Amino acid sequence: MAVLALVVATVRAYSSDNARPAALTSLCGFPLVVHAVRGLRESGVVDRIVVLARPSEVDDIGAVLPAGAAVVVGRPPLDVEPEVLLAHDVTRARTPVELVRRVVVAVRAGADAVTPALPCSDTVKRVDSAGLVIDTPDRTGLRVLQTPRGWSANHAGPVLRMLDSAEPVVPVTDTMRVVPGHPDARDINSPFELAVAEMIGSAGVTG
């Protein structure tokens with residue numbers, strides 16, 4: 001298999017309806033998980049898509065998935081080690097297809113591990129145990145990481161085993177190379193972030 005993409009839907013994220021999985025939170029009329037899967041599929045560089053879900057959420061998530069995607073109980077398919085492995089947070093549902101392609105291209109160009117990232121634009125302060133500001137770190141080397149993250153064949157097996165748990169999360173591994181991220185790949189994990197994504201999506205605006 002050339003490129004396997006795992007969508008991690010087990011993240012403890014904001015849900016617009018506490019009775020339903022966060023992955024099913026609606027964005028512009030479709031669940032977050034549908035947006036995430038479509039973005040991977042429409043990139044044209046992914047051969048297989050598997051959604052990692054909790055046991056209690058498999059049926060609900062499986063019922064809305066586009067054709068060609070499978071859902072499993074929080075455990076990746078360990079029977080196969082792909083040439084390129086991608087792991088993607090379901091809450092980054094607006095990730096553009098060009099970012100998916102960028103990660104795959106970087107892995108195929110020789111990188112062992114790749115993550116998209118944006119420069120840190122917020123003012124970051126270090127504080128002590130009493131809550132007093134100590135200093136201001138230099139933001140030059142700070143980055144905000146996004147997904148999908150990618151790994152080469154040599155690293156796919158260990159990462160698949162890292163994800164082999166009831167509550168998998170997208171890992172950050174050693175020697176990860178950074179590629180430019182995208183504003184649309186920001187996390188949707190609060191009512192405010194969902195409202196902003198809804199407005200942007202409805203207006204057809206891209207970052």
# chains A, B, ... in the order shown; residues from 1 in each chain; ligands from 1
call {"tool": "residues_around", "arguments": {"residues": "A:Ser43", "least_positions_apart": "2", "cutoff": "9 Å", "atoms": "only C-alpha atoms", "output": "list in words"}}
result
Arg38, Gly39, Leu40, Arg41, Val45, Val46, Pro96, Val97, Glu98, Leu99, Val100 and Arg101 of chain A
call {"tool": "residues_around", "arguments": {"residues": "A:Ala70", "least_positions_apart": "3", "cutoff": "12 Å", "atoms": "only C-alpha atoms", "output": "list of chain:residue names"}}
result
A:Leu4, A:Ala5, A:Leu6, A:Val7, A:Val33, A:Val34, A:Val37, A:Arg48, A:Ile49, A:Val50, A:Val51, A:Leu52, A:Ala53, A:Val58, A:Asp59, A:Ile61, A:Gly62, A:Ala63, A:Val64, A:Leu65, A:Pro66, A:Ala67, A:Val73, A:Gly74, A:Arg75, A:Pro76, A:Pro77
call {"tool": "residues_around", "arguments": {"residues": "A:Thr123", "least_positions_apart": "4", "cutoff": "9 Å", "atoms": "only C-alpha atoms", "output": "list in words"}}
result
Thr136, Pro137 and Arg139 of chain A
call {"tool": "write_last_selection", "arguments": {"atoms": "N, CA and C atoms", "output": "tab-separated table (two decimals), in the first residue's frame"}}
result
chain	number	residue	atom	x	y	z
A	136	THR	N	9.89	36.86	28.27
A	136	THR	CA	9.23	36.64	26.98
A	136	THR	C	10.14	35.80	26.10
A	137	PRO	N	9.79	34.54	25.83
A	137	PRO	CA	10.64	33.70	24.97
A	137	PRO	C	10.72	34.26	23.55
A	139	ARG	N	10.19	34.09	19.87
A	139	ARG	CA	9.25	33.32	19.06
A	139	ARG	C	9.84	32.81	17.76
call {"tool": "residues_around", "arguments": {"residues": "A:Glu83", "least_positions_apart": "4", "cutoff": "9 Å", "atoms": "only C-alpha atoms", "output": "CSV table (one decimal) with all heavy atoms, in the first residue's frame"}}
result
chain,number,residue,atom,x,y,z
A,1,MET,N,0.8,-1.2,0.0
A,1,MET,CA,0.0,0.0,0.0
A,1,MET,C,0.9,1.3,0.0
A,1,MET,O,1.8,1.3,0.8
A,1,MET,CB,-0.9,0.0,1.2
A,1,MET,CG,-1.8,1.2,1.3
A,1,MET,SD,-2.7,1.2,2.9
A,1,MET,CE,-3.5,-0.4,2.7
A,2,ALA,N,0.6,2.2,-0.8
A,2,ALA,CA,1.4,3.4,-0.9
A,2,ALA,C,1.2,4.4,0.2
A,2,ALA,O,2.1,4.6,1.0
A,2,ALA,CB,1.1,4.1,-2.3
A,3,VAL,N,0.0,4.9,0.3
A,3,VAL,CA,-0.3,5.9,1.4
A,3,VAL,C,-1.6,5.5,2.2
A,3,VAL,O,-2.7,5.4,1.6
A,3,VAL,CB,-0.5,7.3,0.8
A,3,VAL,CG1,-0.8,8.3,1.9
A,3,VAL,CG2,0.7,7.8,0.0
A,4,LEU,N,-1.4,5.3,3.5
A,4,LEU,CA,-2.5,5.0,4.4
A,4,LEU,C,-2.7,6.2,5.3
A,4,LEU,O,-1.7,6.7,5.9
A,4,LEU,CB,-2.1,3.8,5.3
A,4,LEU,CG,-3.0,3.5,6.5
A,4,LEU,CD1,-4.4,3.2,6.1
A,4,LEU,CD2,-2.4,2.4,7.4
A,108,ARG,N,8.1,11.5,0.7
A,108,ARG,CA,8.6,10.8,-0.5
A,108,ARG,C,9.9,11.4,-1.0
A,108,ARG,O,10.7,10.7,-1.7
A,108,ARG,CB,7.6,10.8,-1.6
A,108,ARG,CG,6.4,9.9,-1.3
A,108,ARG,CD,5.5,9.7,-2.5
A,108,ARG,NE,4.7,8.5,-2.4
A,108,ARG,CZ,3.5,8.4,-2.9
A,108,ARG,NH1,2.9,9.3,-3.6
A,108,ARG,NH2,2.8,7.2,-2.8
A,151,TRP,N,4.9,9.9,8.0
A,151,TRP,CA,6.0,9.1,8.3
A,151,TRP,C,6.4,8.2,7.1
A,151,TRP,O,5.5,7.7,6.4
A,151,TRP,CB,5.8,8.2,9.5
A,151,TRP,CG,5.7,9.0,10.8
A,151,TRP,CD1,6.6,9.3,11.7
A,151,TRP,CD2,4.4,9.5,11.3
A,151,TRP,NE1,6.1,10.0,12.7
A,151,TRP,CE2,4.8,10.1,12.5
A,151,TRP,CE3,3.1,9.5,10.9
A,151,TRP,CZ2,3.8,10.8,13.3
A,151,TRP,CZ3,2.2,10.1,11.7
A,151,TRP,CH2,2.5,10.7,12.9
A,152,SER,N,7.7,7.9,6.9
A,152,SER,CA,8.1,7.0,5.9
A,152,SER,C,7.9,5.6,6.3
A,152,SER,O,7.6,5.3,7.4
A,152,SER,CB,9.6,7.3,5.6
A,152,SER,OG,10.4,6.9,6.8
A,153,ALA,N,8.2,4.7,5.4
A,153,ALA,CA,8.0,3.2,5.6
A,153,ALA,C,8.8,2.7,6.8
A,153,ALA,O,8.3,1.9,7.6
A,153,ALA,CB,8.3,2.4,4.4
A,154,ASN,N,10.0,3.3,7.0
A,154,ASN,CA,10.9,2.8,8.1
A,154,ASN,C,10.3,3.2,9.4
A,154,ASN,O,10.7,2.6,10.4
A,154,ASN,CB,12.3,3.5,7.9
A,154,ASN,CG,13.0,2.9,6.7
A,154,ASN,OD1,12.7,1.8,6.3
A,154,ASN,ND2,14.0,3.7,6.2
A,156,ALA,N,6.8,3.8,9.8
A,156,ALA,CA,5.3,3.6,9.9
A,156,ALA,C,5.0,2.5,10.9
A,156,ALA,O,4.0,2.7,11.7
A,156,ALA,CB,4.8,3.2,8.5
call {"tool": "closest_residue", "arguments": {"among": "A:Leu160, A:Ile134, A:Ala69, A:Val84", "to": "A:Asp112", "atoms": "only C-alpha atoms"}}
result
A:Val84
call {"tool": "residues_around", "arguments": {"residues": "A:Val114", "least_positions_apart": "4", "cutoff": "8 Å", "atoms": "only C-alpha atoms", "output": "list in words"}}
result
Val103, Ala106, Val107, Arg149, Gly150, Trp151, Met176, Arg177, Val178 and Val179 of chain A
call {"tool": "select_by_dssp", "arguments": {"residues": "chain A", "states": "helix (DSSP H, G or I)", "output": "ChimeraX atom specification"}}
result
/A:22-24,32-42,55-62,97-108,139-141,153-162,183-185,191-203
call {"tool": "residues_around", "arguments": {"residues": "stretch 22-29 of chain A", "least_positions_apart": "3", "cutoff": "12 Å", "atoms": "only C-alpha atoms", "output": "VMD selection string"}}
result
chain A and resid 7 to 19 32 to 37 51 to 54 57 to 65 89 to 94 188 to 191 193 to 204
call {"tool": "write_last_selection", "arguments": {"atoms": "C-alpha atoms", "output": "short mmCIF file (atom, residue, chain, number, x, y, z; two decimals), in the first residue's frame"}}
result
data_model
loop_
_atom_site.label_atom_id
_atom_site.label_comp_id
_atom_site.auth_asym_id
_atom_site.auth_seq_id
_atom_site.Cartn_x
_atom_site.Cartn_y
_atom_site.Cartn_z
CA VAL A 7 -8.19 9.90 11.00
CA VAL A 8 -8.05 9.98 14.79
CA ALA A 9 -11.63 10.51 15.97
CA THR A 10 -11.04 9.58 19.62
CA VAL A 11 -9.79 13.00 20.65
CA ARG A 12 -11.63 14.56 23.60
CA ALA A 13 -12.97 17.50 21.68
CA TYR A 14 -15.81 19.97 21.80
CA SER A 15 -19.15 18.57 20.67
CA SER A 16 -22.17 20.65 19.77
CA ASP A 17 -24.31 17.84 21.18
CA ASN A 18 -22.97 16.07 24.27
CA ALA A 19 -24.98 12.99 23.35
CA LEU A 32 -16.31 17.05 11.06
CA VAL A 33 -15.27 13.48 10.26
CA VAL A 34 -16.83 13.73 6.80
CA HIS A 35 -14.90 16.93 6.05
CA ALA A 36 -11.67 15.32 7.28
CA VAL A 37 -12.13 12.19 5.16
CA VAL A 51 -11.04 6.29 10.99
CA LEU A 52 -10.01 5.34 14.54
CA ALA A 53 -13.05 5.57 16.83
CA ARG A 54 -14.21 4.52 20.29
CA GLU A 57 -19.06 5.49 18.46
CA VAL A 58 -18.17 3.10 15.64
CA ASP A 59 -21.72 2.62 14.36
CA ASP A 60 -22.62 6.33 14.43
CA ILE A 61 -19.42 7.40 12.70
CA GLY A 62 -19.51 4.54 10.22
CA ALA A 63 -23.03 5.52 9.18
CA VAL A 64 -21.91 8.94 7.87
CA LEU A 65 -18.54 8.09 6.30
CA ASP A 89 -6.89 14.94 13.79
CA VAL A 90 -10.62 14.87 13.06
CA THR A 91 -10.91 18.38 14.56
CA ARG A 92 -8.76 19.81 11.75
CA ALA A 93 -11.61 19.23 9.36
CA ARG A 94 -10.92 22.20 7.07
CA ILE A 188 -11.91 23.27 15.74
CA ASN A 189 -12.27 22.50 19.43
CA SER A 190 -14.53 25.11 21.00
CA PRO A 191 -17.85 26.86 20.27
CA GLU A 193 -13.65 28.01 16.77
CA LEU A 194 -16.65 26.16 15.35
CA ALA A 195 -18.54 29.43 14.80
CA VAL A 196 -15.54 30.97 13.03
CA ALA A 197 -15.08 27.89 10.83
CA GLU A 198 -18.79 27.94 10.00
CA MET A 199 -18.65 31.59 8.92
CA ILE A 200 -15.49 31.08 6.87
CA GLY A 201 -16.85 27.94 5.24
CA SER A 202 -20.19 29.55 4.42
CA ALA A 203 -18.43 32.54 2.88
CA GLY A 204 -16.12 30.33 0.83
#
